[in-house]
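**Q** PDB, C-alpha atoms and all ligand atoms, saved as coords_10.pdb, coming up:
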```pdb
ATOM      1  CA  MET A   1      17.805 -37.384 -91.246
ATOM      2  CA  THR A   2      21.009 -39.139 -92.359
ATOM      3  CA  SER A   3      22.727 -37.064 -95.047
ATOM      4  CA  ILE A   4      23.834 -39.128 -98.039
ATOM      5  CA  ALA A   5      26.542 -38.203-100.553
ATOM      6  CA  PHE A   6      27.851 -39.863-103.676
ATOM      7  CA  ILE A   7      31.410 -39.667-104.984
ATOM      8  CA  GLY A   8      31.299 -40.830-108.605
ATOM      9  CA  ALA A   9      28.426 -39.554-110.760
ATOM     10  CA  GLY A  10      28.527 -42.334-113.359
ATOM     11  CA  ARG A  11      26.004 -45.017-114.282
ATOM     12  CA  LEU A  12      25.524 -46.565-110.834
ATOM     13  CA  GLY A  13      26.051 -43.388-108.783
ATOM     14  CA  ALA A  14      23.469 -41.450-110.807
ATOM     15  CA  THR A  15      20.935 -44.296-110.622
ATOM     16  CA  LEU A  16      21.257 -44.855-106.866
ATOM     17  CA  ALA A  17      21.318 -41.147-106.040
ATOM     18  CA  LEU A  18      18.128 -40.506-108.022
ATOM     19  CA  ALA A  19      16.388 -43.628-106.710
ATOM     20  CA  LEU A  20      17.174 -42.810-103.061
ATOM     21  CA  ALA A  21      16.095 -39.176-103.463
ATOM     22  CA  GLN A  22      12.837 -40.284-105.112
ATOM     23  CA  ARG A  23      12.182 -42.472-102.069
ATOM     24  CA  GLY A  24      12.596 -39.609 -99.631
ATOM     25  CA  ARG A  25      16.234 -40.032 -98.546
ATOM     26  CA  ALA A  26      18.347 -36.889 -98.064
ATOM     27  CA  VAL A  27      20.838 -37.052-100.946
ATOM     28  CA  THR A  28      22.589 -33.777-100.212
ATOM     29  CA  ALA A  29      25.830 -33.861-102.251
ATOM     30  CA  VAL A  30      27.343 -35.388-105.365
ATOM     31  CA  ALA A  31      31.015 -35.203-106.347
ATOM     32  CA  SER A  32      32.756 -36.588-109.386
ATOM     33  CA  ARG A  33      36.007 -36.300-111.287
ATOM     34  CA  SER A  34      34.384 -33.780-113.624
ATOM     35  CA  ARG A  35      32.177 -31.021-112.277
ATOM     36  CA  ALA A  36      29.778 -31.471-115.206
ATOM     37  CA  SER A  37      28.920 -35.074-114.218
ATOM     38  CA  ALA A  38      28.269 -34.058-110.610
ATOM     39  CA  GLN A  39      26.149 -31.096-111.677
ATOM     40  CA  ARG A  40      24.061 -33.217-114.042
ATOM     41  CA  VAL A  41      23.055 -35.557-111.201
ATOM     42  CA  ALA A  42      22.707 -32.851-108.522
ATOM     43  CA  ALA A  43      20.432 -30.812-110.815
ATOM     44  CA  ALA A  44      17.939 -33.696-110.939
ATOM     45  CA  ILE A  45      17.671 -33.929-107.115
ATOM     46  CA  PRO A  46      16.016 -31.161-105.071
ATOM     47  CA  GLY A  47      18.311 -29.935-102.259
ATOM     48  CA  CYS A  48      21.386 -31.669-103.677
ATOM     49  CA  ARG A  49      24.606 -29.793-104.513
ATOM     50  CA  ALA A  50      27.540 -30.587-106.787
ATOM     51  CA  VAL A  51      30.599 -30.372-104.527
ATOM     52  CA  ASP A  52      34.197 -31.589-104.465
ATOM     53  CA  ALA A  53      35.079 -35.014-103.053
ATOM     54  CA  ALA A  54      36.415 -33.552 -99.775
ATOM     55  CA  GLU A  55      33.079 -31.894 -99.052
ATOM     56  CA  ALA A  56      31.039 -34.937-100.121
ATOM     57  CA  ALA A  57      33.148 -36.999 -97.714
ATOM     58  CA  THR A  58      31.670 -35.103 -94.735
ATOM     59  CA  ALA A  59      28.162 -36.607 -95.176
ATOM     60  CA  ASP A  60      26.817 -39.173 -92.698
ATOM     61  CA  LEU A  61      26.696 -41.915 -95.347
ATOM     62  CA  VAL A  62      29.053 -41.714 -98.322
ATOM     63  CA  PHE A  63      28.768 -44.016-101.344
ATOM     64  CA  LEU A  64      31.966 -44.371-103.388
ATOM     65  CA  THR A  65      30.562 -45.110-106.842
ATOM     66  CA  VAL A  66      33.821 -44.710-108.754
ATOM     67  CA  PRO A  67      35.666 -47.319-110.887
ATOM     68  CA  ASP A  68      37.026 -50.102-108.659
ATOM     69  CA  ASP A  69      40.651 -48.990-109.036
ATOM     70  CA  GLU A  70      39.758 -45.539-107.684
ATOM     71  CA  ILE A  71      38.107 -46.751-104.460
ATOM     72  CA  GLY A  72      41.329 -47.408-102.500
ATOM     73  CA  PRO A  73      43.071 -44.139-103.433
ATOM     74  CA  LEU A  74      39.941 -42.123-102.509
ATOM     75  CA  ALA A  75      39.561 -43.989 -99.210
ATOM     76  CA  SER A  76      43.185 -43.154 -98.383
ATOM     77  CA  ARG A  77      43.031 -39.521 -99.457
ATOM     78  CA  LEU A  78      39.813 -38.216 -97.846
ATOM     79  CA  ALA A  79      39.380 -37.065 -94.240
ATOM     80  CA  TRP A  80      36.899 -39.483 -92.681
ATOM     81  CA  ARG A  81      35.512 -39.253 -89.149
ATOM     82  CA  SER A  82      33.802 -41.415 -86.594
ATOM     83  CA  GLY A  83      30.019 -41.379 -86.729
ATOM     84  CA  GLN A  84      29.914 -41.672 -90.503
ATOM     85  CA  SER A  85      29.709 -44.648 -92.884
ATOM     86  CA  VAL A  86      31.669 -45.200 -96.086
ATOM     87  CA  VAL A  87      30.361 -47.749 -98.554
ATOM     88  CA  HIS A  88      31.530 -48.924-101.954
ATOM     89  CA  CYS A  89      29.319 -50.534-104.579
ATOM     90  CA  SER A  90      31.764 -52.922-106.202
ATOM     91  CA  GLY A  91      31.042 -56.626-106.442
ATOM     92  CA  ALA A  92      34.642 -57.731-106.930
ATOM     93  CA  THR A  93      36.602 -55.446-104.575
ATOM     94  CA  GLU A  94      36.825 -56.453-100.919
ATOM     95  CA  VAL A  95      35.467 -53.993 -98.338
ATOM     96  CA  ALA A  96      38.933 -54.073 -96.696
ATOM     97  CA  VAL A  97      40.037 -51.560 -99.369
ATOM     98  CA  LEU A  98      38.148 -48.983 -97.246
ATOM     99  CA  GLU A  99      40.348 -49.694 -94.161
ATOM    100  CA  PRO A 100      41.890 -46.176 -94.222
ATOM    101  CA  ALA A 101      38.377 -44.818 -93.491
ATOM    102  CA  ALA A 102      37.878 -47.393 -90.720
ATOM    103  CA  ARG A 103      41.179 -46.317 -89.139
ATOM    104  CA  ARG A 104      39.730 -42.811 -88.871
ATOM    105  CA  GLY A 105      36.665 -44.175 -87.076
ATOM    106  CA  ALA A 106      34.147 -44.571 -89.915
ATOM    107  CA  LEU A 107      32.058 -47.716 -90.399
ATOM    108  CA  ILE A 108      32.892 -49.367 -93.716
ATOM    109  CA  GLY A 109      30.784 -51.603 -95.910
ATOM    110  CA  GLY A 110      29.647 -52.799 -99.306
ATOM    111  CA  PHE A 111      26.379 -52.342-101.215
ATOM    112  CA  HIS A 112      26.561 -54.130-104.561
ATOM    113  CA  PRO A 113      23.376 -54.155-106.634
ATOM    114  CA  LEU A 114      23.266 -57.356-108.681
ATOM    115  CA  GLN A 115      22.014 -55.695-111.830
ATOM    116  CA  ILE A 116      23.309 -53.988-114.965
ATOM    117  CA  PHE A 117      23.319 -50.191-114.974
ATOM    118  CA  ALA A 118      23.634 -48.721-118.424
ATOM    119  CA  ASP A 119      21.151 -45.858-118.727
ATOM    120  CA  PRO A 120      20.170 -44.451-115.264
ATOM    121  CA  ALA A 121      16.599 -43.627-116.358
ATOM    122  CA  GLN A 122      15.991 -47.275-117.301
ATOM    123  CA  ALA A 123      18.208 -48.782-114.613
ATOM    124  CA  ILE A 124      16.101 -47.170-111.892
ATOM    125  CA  GLU A 125      13.198 -49.413-112.989
ATOM    126  CA  LEU A 126      15.407 -52.491-112.580
ATOM    127  CA  LEU A 127      16.284 -51.865-108.911
ATOM    128  CA  ALA A 128      12.992 -53.146-107.454
ATOM    129  CA  GLY A 129      13.089 -56.938-107.393
ATOM    130  CA  SER A 130      16.870 -57.111-107.879
ATOM    131  CA  SER A 131      19.187 -58.319-105.145
ATOM    132  CA  VAL A 132      21.900 -56.302-103.460
ATOM    133  CA  ALA A 133      24.905 -57.833-101.698
ATOM    134  CA  ILE A 134      25.419 -56.113 -98.360
ATOM    135  CA  GLU A 135      28.467 -56.320 -96.126
ATOM    136  CA  GLY A 136      29.330 -54.367 -92.996
ATOM    137  CA  PRO A 137      29.293 -54.310 -89.195
ATOM    138  CA  PRO A 138      25.809 -54.784 -87.629
ATOM    139  CA  ALA A 139      24.875 -51.081 -87.329
ATOM    140  CA  LEU A 140      25.802 -50.338 -90.937
ATOM    141  CA  GLU A 141      24.299 -53.613 -92.177
ATOM    142  CA  ALA A 142      20.965 -52.598 -90.606
ATOM    143  CA  GLN A 143      21.156 -49.171 -92.259
ATOM    144  CA  LEU A 144      21.946 -50.673 -95.666
ATOM    145  CA  ARG A 145      19.161 -53.256 -95.288
ATOM    146  CA  THR A 146      16.684 -50.429 -94.683
ATOM    147  CA  ILE A 147      17.929 -48.670 -97.807
ATOM    148  CA  ALA A 148      17.569 -51.887 -99.813
ATOM    149  CA  GLU A 149      13.995 -52.295 -98.558
ATOM    150  CA  ARG A 150      13.195 -48.706 -99.563
ATOM    151  CA  LEU A 151      14.415 -49.482-103.049
ATOM    152  CA  GLY A 152      12.396 -52.716-103.176
ATOM    153  CA  MET A 153      15.623 -54.746-103.370
ATOM    154  CA  ARG A 154      16.374 -58.118-101.786
ATOM    155  CA  ALA A 155      19.302 -58.043 -99.364
ATOM    156  CA  LEU A 156      21.928 -60.768 -99.697
ATOM    157  CA  MET A 157      24.509 -60.849 -96.878
ATOM    158  CA  LEU A 158      28.128 -61.359 -97.954
ATOM    159  CA  PRO A 159      30.814 -62.476 -95.508
ATOM    160  CA  PRO A 160      34.257 -60.848 -95.859
ATOM    161  CA  GLY A 161      36.537 -62.606 -98.354
ATOM    162  CA  ALA A 162      33.764 -64.059-100.545
ATOM    163  CA  ARG A 163      33.752 -61.463-103.313
ATOM    164  CA  ALA A 164      35.851 -63.171-105.980
ATOM    165  CA  LEU A 165      33.570 -66.239-106.008
ATOM    166  CA  TYR A 166      30.430 -64.135-105.511
ATOM    167  CA  HIS A 167      31.201 -61.798-108.418
ATOM    168  CA  GLY A 168      32.848 -64.419-110.641
ATOM    169  CA  GLY A 169      29.900 -66.757-110.057
ATOM    170  CA  ALA A 170      27.411 -64.041-110.969
ATOM    171  CA  SER A 171      29.122 -63.722-114.372
ATOM    172  CA  PHE A 172      27.472 -67.018-115.304
ATOM    173  CA  ALA A 173      24.082 -65.310-114.954
ATOM    174  CA  ALA A 174      25.200 -62.191-116.816
ATOM    175  CA  SER A 175      27.921 -61.768-119.444
ATOM    176  CA  PHE A 176      28.554 -65.511-119.829
ATOM    177  CA  LEU A 177      24.968 -65.837-121.088
ATOM    178  CA  LEU A 178      26.096 -63.658-123.975
ATOM    179  CA  SER A 179      28.902 -66.128-124.766
ATOM    180  CA  MET A 180      26.328 -68.936-124.877
ATOM    181  CA  LEU A 181      24.170 -66.969-127.286
ATOM    182  CA  GLN A 182      27.264 -66.118-129.342
ATOM    183  CA  GLU A 183      27.859 -69.840-129.788
ATOM    184  CA  ALA A 184      24.280 -70.364-130.998
ATOM    185  CA  VAL A 185      24.514 -67.383-133.354
ATOM    186  CA  ASP A 186      27.804 -68.716-134.825
ATOM    187  CA  ALA A 187      26.180 -72.099-135.462
ATOM    188  CA  TRP A 188      23.067 -70.610-137.080
ATOM    189  CA  ARG A 189      25.123 -68.284-139.273
ATOM    190  CA  CYS A 190      26.311 -71.444-141.098
ATOM    191  CA  PHE A 191      22.845 -71.886-142.603
ATOM    192  CA  GLY A 192      22.326 -68.216-143.443
ATOM    193  CA  VAL A 193      20.606 -66.729-140.360
ATOM    194  CA  ASP A 194      22.120 -63.434-139.184
ATOM    195  CA  GLU A 195      22.546 -62.320-135.542
ATOM    196  CA  ALA A 196      19.398 -60.163-135.427
ATOM    197  CA  GLN A 197      17.180 -62.959-136.786
ATOM    198  CA  ALA A 198      18.836 -65.511-134.517
ATOM    199  CA  LEU A 199      18.330 -63.400-131.381
ATOM    200  CA  GLN A 200      14.694 -62.809-132.294
ATOM    201  CA  ALA A 201      14.214 -66.568-132.288
ATOM    202  CA  LEU A 202      16.546 -67.483-129.414
ATOM    203  CA  LEU A 203      15.743 -64.839-126.781
ATOM    204  CA  PRO A 204      12.155 -66.070-126.162
ATOM    205  CA  LEU A 205      13.630 -69.556-125.724
ATOM    206  CA  ALA A 206      16.180 -68.181-123.259
ATOM    207  CA  HIS A 207      13.450 -66.308-121.349
ATOM    208  CA  GLY A 208      11.322 -69.484-121.249
ATOM    209  CA  THR A 209      14.231 -71.503-119.880
ATOM    210  CA  LEU A 210      14.974 -68.925-117.168
ATOM    211  CA  ALA A 211      11.300 -68.702-116.223
ATOM    212  CA  ALA A 212      11.154 -72.502-115.890
ATOM    213  CA  ALA A 213      14.268 -72.418-113.654
ATOM    214  CA  GLY A 214      12.509 -69.843-111.448
ATOM    215  CA  ARG A 215       9.456 -72.087-111.117
ATOM    216  CA  LYS A 216      11.024 -75.552-110.907
ATOM    217  CA  GLY A 217      14.696 -75.113-109.957
ATOM    218  CA  LEU A 218      17.633 -75.997-112.235
ATOM    219  CA  ALA A 219      17.223 -79.771-112.412
ATOM    220  CA  GLY A 220      13.441 -79.513-112.740
ATOM    221  CA  ALA A 221      13.726 -77.095-115.662
ATOM    222  CA  LEU A 222      16.136 -79.261-117.669
ATOM    223  CA  ALA A 223      14.738 -79.975-121.151
ATOM    224  CA  GLY A 224      16.348 -81.179-124.383
ATOM    225  CA  PRO A 225      18.140 -84.407-125.364
ATOM    226  CA  VAL A 226      20.115 -84.837-122.121
ATOM    227  CA  SER A 227      16.911 -84.692-120.059
ATOM    228  CA  ARG A 228      15.455 -87.504-122.230
ATOM    229  CA  GLY A 229      18.600 -89.629-122.499
ATOM    230  CA  ASP A 230      18.528 -89.149-126.298
ATOM    231  CA  VAL A 231      21.991 -90.472-127.221
ATOM    232  CA  GLY A 232      21.305 -90.427-130.994
ATOM    233  CA  VAL A 233      20.378 -86.720-131.022
ATOM    234  CA  LEU A 234      23.478 -85.843-128.996
ATOM    235  CA  GLN A 235      25.654 -87.840-131.414
ATOM    236  CA  ARG A 236      24.305 -85.783-134.336
ATOM    237  CA  HIS A 237      24.817 -82.519-132.414
ATOM    238  CA  LEU A 238      28.420 -83.451-131.619
ATOM    239  CA  GLN A 239      29.175 -84.389-135.253
ATOM    240  CA  ALA A 240      27.751 -81.049-136.419
ATOM    241  CA  PHE A 241      29.848 -79.074-133.914
ATOM    242  CA  GLU A 242      32.971 -81.109-134.832
ATOM    243  CA  SER A 243      32.456 -79.925-138.419
ATOM    244  CA  LEU A 244      32.236 -76.325-137.151
ATOM    245  CA  GLY A 245      35.611 -76.623-135.401
ATOM    246  CA  ALA A 246      37.326 -78.455-132.540
ATOM    247  CA  GLU A 247      36.820 -75.630-130.032
ATOM    248  CA  HIS A 248      33.060 -75.531-130.749
ATOM    249  CA  ALA A 249      32.792 -79.291-130.219
ATOM    250  CA  ALA A 250      34.829 -79.065-126.996
ATOM    251  CA  PHE A 251      32.550 -76.311-125.644
ATOM    252  CA  TYR A 252      29.414 -78.315-126.527
ATOM    253  CA  ARG A 253      30.893 -81.434-124.918
ATOM    254  CA  GLU A 254      31.826 -79.591-121.713
ATOM    255  CA  LEU A 255      28.356 -78.085-121.310
ATOM    256  CA  THR A 256      26.713 -81.440-122.013
ATOM    257  CA  ALA A 257      28.890 -83.043-119.335
ATOM    258  CA  ARG A 258      27.725 -80.363-116.863
ATOM    259  CA  GLN A 259      24.112 -81.069-117.836
ATOM    260  CA  LEU A 260      24.555 -84.698-116.825
ATOM    261  CA  ARG A 261      24.772 -83.503-113.216
ATOM    262  CA  LEU A 262      21.372 -81.842-113.609
ATOM    263  CA  ALA A 263      19.950 -84.916-115.373
ATOM    264  CA  ARG A 264      21.106 -87.105-112.463
ATOM    265  CA  ALA A 265      19.637 -84.682-109.928
ATOM    266  CA  SER A 266      16.292 -84.614-111.802
ATOM    267  CA  GLY A 267      15.913 -88.357-111.182
ATOM    268  CA  ARG A 268      14.290 -88.827-114.607
ATOM    269  CA  LEU A 269      16.956 -91.094-116.127
ATOM    270  CA  GLY A 270      18.131 -94.542-115.092
ATOM    271  CA  GLU A 271      21.777 -95.435-114.427
ATOM    272  CA  ALA A 272      22.150 -97.145-117.854
ATOM    273  CA  GLN A 273      20.941 -94.025-119.702
ATOM    274  CA  LEU A 274      23.235 -91.780-117.653
ATOM    275  CA  ALA A 275      26.179 -94.104-118.338
ATOM    276  CA  ALA A 276      25.475 -94.061-122.119
ATOM    277  CA  LEU A 277      25.415 -90.258-122.132
ATOM    278  CA  GLN A 278      28.603 -90.125-120.056
ATOM    279  CA  THR A 279      30.396 -92.466-122.489
ATOM    280  CA  LEU A 280      29.322 -90.309-125.423
ATOM    281  CA  VAL A 281      30.571 -87.010-123.978
ATOM    282  CA  GLU A 282      33.882 -88.575-122.891
ATOM    283  CA  ARG A 283      34.557 -90.150-126.350
ATOM    284  CA  ARG A 284      36.992 -88.132-128.511
TER
HETATM  285  N1  LIG B 301      27.437 -50.154-114.070
HETATM  286  C1  LIG B 301      27.070 -51.302-113.514
HETATM  287  O1  LIG B 301      26.340 -52.088-114.149
HETATM  288  C2  LIG B 301      27.479 -51.643-112.091
HETATM  289  C3  LIG B 301      26.739 -52.637-111.419
HETATM  290  C4  LIG B 301      27.070 -52.961-110.104
HETATM  291  C5  LIG B 301      28.163 -52.330-109.508
HETATM  292  N2  LIG B 301      28.881 -51.386-110.181
HETATM  293  C6  LIG B 301      30.016 -50.765-109.469
HETATM  294  O2  LIG B 301      29.748 -49.377-109.328
HETATM  295  C7  LIG B 301      30.978 -48.643-109.356
HETATM  296  C8  LIG B 301      30.872 -47.586-110.434
HETATM  297  O3  LIG B 301      30.660 -48.210-111.682
HETATM  298  P1  LIG B 301      29.933 -47.449-112.899
HETATM  299  O4  LIG B 301      29.615 -48.514-113.904
HETATM  300  O5  LIG B 301      28.866 -46.573-112.389
HETATM  301  O6  LIG B 301      31.164 -46.596-113.446
HETATM  302  P2  LIG B 301      31.123 -45.321-114.410
HETATM  303  O7  LIG B 301      29.819 -45.248-115.139
HETATM  304  O8  LIG B 301      32.375 -45.361-115.178
HETATM  305  O9  LIG B 301      31.146 -44.120-113.397
HETATM  306  C9  LIG B 301      32.210 -43.866-112.558
HETATM  307  C10 LIG B 301      32.184 -42.398-112.219
HETATM  308  O10 LIG B 301      33.228 -42.129-111.303
HETATM  309  C11 LIG B 301      33.814 -40.905-111.622
HETATM  310  N3  LIG B 301      35.214 -40.948-111.185
HETATM  311  C12 LIG B 301      36.242 -41.649-111.715
HETATM  312  N4  LIG B 301      37.353 -41.469-110.985
HETATM  313  C13 LIG B 301      37.016 -40.631-109.976
HETATM  314  C14 LIG B 301      37.713 -40.069-108.901
HETATM  315  N5  LIG B 301      39.011 -40.349-108.680
HETATM  316  N6  LIG B 301      37.061 -39.232-108.064
HETATM  317  C15 LIG B 301      35.754 -38.948-108.246
HETATM  318  N7  LIG B 301      35.022 -39.450-109.267
HETATM  319  C16 LIG B 301      35.647 -40.287-110.105
HETATM  320  C17 LIG B 301      33.695 -40.772-113.130
HETATM  321  O11 LIG B 301      33.753 -39.407-113.326
HETATM  322  P3  LIG B 301      33.381 -38.333-114.427
HETATM  323  O12 LIG B 301      32.138 -38.778-115.131
HETATM  324  O13 LIG B 301      33.136 -37.164-113.597
HETATM  325  O14 LIG B 301      34.572 -38.258-115.321
HETATM  326  C18 LIG B 301      32.382 -41.487-113.429
HETATM  327  O15 LIG B 301      31.291 -40.621-113.470
HETATM  328  C19 LIG B 301      32.090 -49.665-109.609
HETATM  329  O16 LIG B 301      32.653 -50.036-108.364
HETATM  330  C20 LIG B 301      31.349 -50.848-110.221
HETATM  331  O17 LIG B 301      32.006 -52.078-109.965
HETATM  332  C21 LIG B 301      28.560 -51.028-111.458
END
```
Written as structure tokens, that's how I'd like the structure from this file.

**A**
Amino acid sequence: MTSIAFIGAGRLGATLALALAQRGRAVTAVASRSRASAQRVAAAIPGCRAVDAAEAATADLVFLTVPDDEIGPLASRLAWRSGQSVVHCSGATEVAVLEPAARRGALIGGFHPLQIFADPAQAIELLAGSSVAIEGPPALEAQLRTIAERLGMRALMLPPGARALYHGGASFAASFLLSMLQEAVDAWRCFGVDEAQALQALLPLAHGTLAAAGRKGLAGALAGPVSRGDVGVLQRHLQAFESLGAEHAAFYRELTARQLRLARASGRLGEAQLAALQTLVERR
């Protein structure tokens, strides 16, 4: 059986190592900057040892689950060989950073789970159903696809050079959602609702919106004044955000302008309604 090692026993490394071992893969070694981190993960996996990075780098399949800035230096420093595969798990760093391993004959690739890993015990539950961006030559791609299937993950193939847009784009479905909610919380604070109360009310709405997008697509899920061509409501919204501050009004205006694209795609509004909305968002 292919021996698997992890270098980097942090949030993602611990989660993937445990998940793969639980699904019958031979996770034989874990290395990390501190021995204690490696030992903590190795102790949870039968047959797995805490070792140094040089020893971990002898496994058949080595995952580099270290901070992005550490991937290149490790790839340059360790003694790779042909017949093995070296994979990083970063979304933003190109696989080319592993070239030093390729020059020594190893196959190099990427395996980026599109999910948030905070606490490994909880994160392991999130793997199934999540997507994972896979990149690599055909033999390694097939191996990584099999691993994804074992974990119940959906494989998404990434061509070389696409990572900045892939990872930057994914921010809109992750941390940028928090910026949206921050804007709502700031607005609601003006009439005395605190963040905890606001989130209690807003998160079910956010979940409902995302669920509708899953069922009907983005344009089909569009609700609210733009979807109805309600110019009067939008005027009142804009006035309220102007009173909150110019940057709040600008943000609201920009998002409304983006929604017009969805409204057009939904086919629900006529040209006159779309033009009236456009005029409103462009007016300063
Ligand atoms: N967390 C996420 O949500 C997530 C999601 C997708 C992808 N990723 C990617 O996964 C990779 C790891 O991220 P993470 O969030 O798991 O980071 P992390 O929790 O900070 O863990 C990184 C681990 O690497 C170890 N380390 C640091 N420098 C090292 C070195 N030179 N040699 C050996 N071990 C070293 C650290 O060691 P010690 O603990 O031993 O000090 C730490 O345990 C990154 O490429 C990241 O982009 C993360």

**Q** Going by the chain IDs and residue numbers used in this file, which residues fall under the PyMOL selection byres (((not hetatm)) within 7 of (chain B and resi 301))? Write them as a short mmCIF file (atom, residue, chain, number, x, y, z; two decimals) with C-alpha atoms, keeping the file's coordinate frame.

**A**
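Contents of selection.cif, freshly written:
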```cif
data_model
loop_
_atom_site.label_atom_id
_atom_site.label_comp_id
_atom_site.auth_asym_id
_atom_site.auth_seq_id
_atom_site.Cartn_x
_atom_site.Cartn_y
_atom_site.Cartn_z
CA ILE A 7 31.41 -39.67 -104.98
CA GLY A 8 31.30 -40.83 -108.60
CA ALA A 9 28.43 -39.55 -110.76
CA GLY A 10 28.53 -42.33 -113.36
CA ARG A 11 26.00 -45.02 -114.28
CA LEU A 12 25.52 -46.56 -110.83
CA GLY A 13 26.05 -43.39 -108.78
CA ALA A 31 31.02 -35.20 -106.35
CA SER A 32 32.76 -36.59 -109.39
CA ARG A 33 36.01 -36.30 -111.29
CA SER A 34 34.38 -33.78 -113.62
CA ARG A 35 32.18 -31.02 -112.28
CA ALA A 36 29.78 -31.47 -115.21
CA SER A 37 28.92 -35.07 -114.22
CA ALA A 38 28.27 -34.06 -110.61
CA ALA A 53 35.08 -35.01 -103.05
CA THR A 65 30.56 -45.11 -106.84
CA VAL A 66 33.82 -44.71 -108.75
CA PRO A 67 35.67 -47.32 -110.89
CA ASP A 68 37.03 -50.10 -108.66
CA GLU A 70 39.76 -45.54 -107.68
CA LEU A 74 39.94 -42.12 -102.51
CA HIS A 88 31.53 -48.92 -101.95
CA CYS A 89 29.32 -50.53 -104.58
CA SER A 90 31.76 -52.92 -106.20
CA GLY A 91 31.04 -56.63 -106.44
CA ALA A 92 34.64 -57.73 -106.93
CA HIS A 112 26.56 -54.13 -104.56
CA PRO A 113 23.38 -54.16 -106.63
CA LEU A 114 23.27 -57.36 -108.68
CA GLN A 115 22.01 -55.70 -111.83
CA ILE A 116 23.31 -53.99 -114.96
CA PHE A 117 23.32 -50.19 -114.97
CA ALA A 118 23.63 -48.72 -118.42
#
```

**Q** Under the rule that all atoms listed in the file are counted, which of A:Pro46, A:Pro120, A:Gly110, A:Gly129 is the nearest residue to Leu158 in chain A?

**A**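 Nearest to Leu158 in chain A: A:Gly110.
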
**Q** Please write the residues picked by the PyMOL selection byres (((chain A and resi 241) around 12) and not hetatm) on this file as a PyMOL selection string.

**A** chain A and resi 183-184+186-188+190+234-240+242-253

**Q** Find the residues near Glu282 in chain A: any atom within 10 Å, counting all atoms listed in the file, skip ones fewer than 4 places away on the same chain, and give them as a count of residues only.

**A** 5

**Q** Taking the file as shown, what set of residues would the PyMOL selection byres (((chain A and resi 227) around 10) and not hetatm) give back, as a list in words?

**A**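 On the file shown, the PyMOL selection byres (((chain A and resi 227) around 10) and not hetatm) covers Ala219, Gly220, Ala221, Leu222, Ala223, Gly224, Pro225, Val226, Arg228, Gly229, Asp230, Gln259, Leu260, Leu262, Ala263, Arg264, Ser266, Gly267, Arg268, Leu269 and Leu274 of chain A.
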
**Q** Filtering to N, CA and C atoms, could range 222-233 of chain A of the supplied structure be written out as an mmCIF file, in the first residue's frame?

**A**
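part.cif was written with the following content:
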```
data_model
loop_
_atom_site.group_PDB
_atom_site.id
_atom_site.type_symbol
_atom_site.label_atom_id
_atom_site.label_comp_id
_atom_site.auth_asym_id
_atom_site.auth_seq_id
_atom_site.Cartn_x
_atom_site.Cartn_y
_atom_site.Cartn_z
ATOM 1 N N LEU A 222 -32.512 35.346 -7.011
ATOM 2 C CA LEU A 222 -32.521 36.778 -6.667
ATOM 3 C C LEU A 222 -33.884 37.190 -6.107
ATOM 4 N N ALA A 223 -33.871 37.785 -4.916
ATOM 5 C CA ALA A 223 -35.090 38.315 -4.294
ATOM 6 C C ALA A 223 -34.784 39.747 -3.867
ATOM 7 N N GLY A 224 -35.760 40.453 -3.330
ATOM 8 C CA GLY A 224 -35.514 41.818 -2.866
ATOM 9 C C GLY A 224 -35.894 42.844 -3.906
ATOM 10 N N PRO A 225 -35.689 44.150 -3.601
ATOM 11 C CA PRO A 225 -36.201 45.222 -4.459
ATOM 12 C C PRO A 225 -35.664 45.202 -5.886
ATOM 13 N N VAL A 226 -34.413 44.809 -6.086
ATOM 14 C CA VAL A 226 -33.886 44.792 -7.469
ATOM 15 C C VAL A 226 -34.651 43.771 -8.295
ATOM 16 N N SER A 227 -34.946 42.621 -7.700
ATOM 17 C CA SER A 227 -35.644 41.558 -8.459
ATOM 18 C C SER A 227 -37.041 42.012 -8.871
ATOM 19 N N ARG A 228 -37.625 42.980 -8.116
ATOM 20 C CA ARG A 228 -38.995 43.431 -8.409
ATOM 21 C C ARG A 228 -39.021 44.744 -9.188
ATOM 22 N N GLY A 229 -37.849 45.349 -9.371
ATOM 23 C CA GLY A 229 -37.804 46.661 -10.030
ATOM 24 C C GLY A 229 -38.357 47.764 -9.143
ATOM 25 N N ASP A 230 -38.235 47.611 -7.825
ATOM 26 C CA ASP A 230 -38.789 48.552 -6.850
ATOM 27 C C ASP A 230 -37.875 49.765 -6.656
ATOM 28 N N VAL A 231 -37.999 50.753 -7.538
ATOM 29 C CA VAL A 231 -37.117 51.922 -7.511
ATOM 30 C C VAL A 231 -37.286 52.719 -6.209
ATOM 31 N N GLY A 232 -38.539 52.867 -5.746
ATOM 32 C CA GLY A 232 -38.810 53.656 -4.538
ATOM 33 C C GLY A 232 -38.104 53.079 -3.308
ATOM 34 N N VAL A 233 -38.161 51.758 -3.162
ATOM 35 C CA VAL A 233 -37.507 51.108 -2.006
ATOM 36 C C VAL A 233 -35.997 51.345 -2.080
#
```
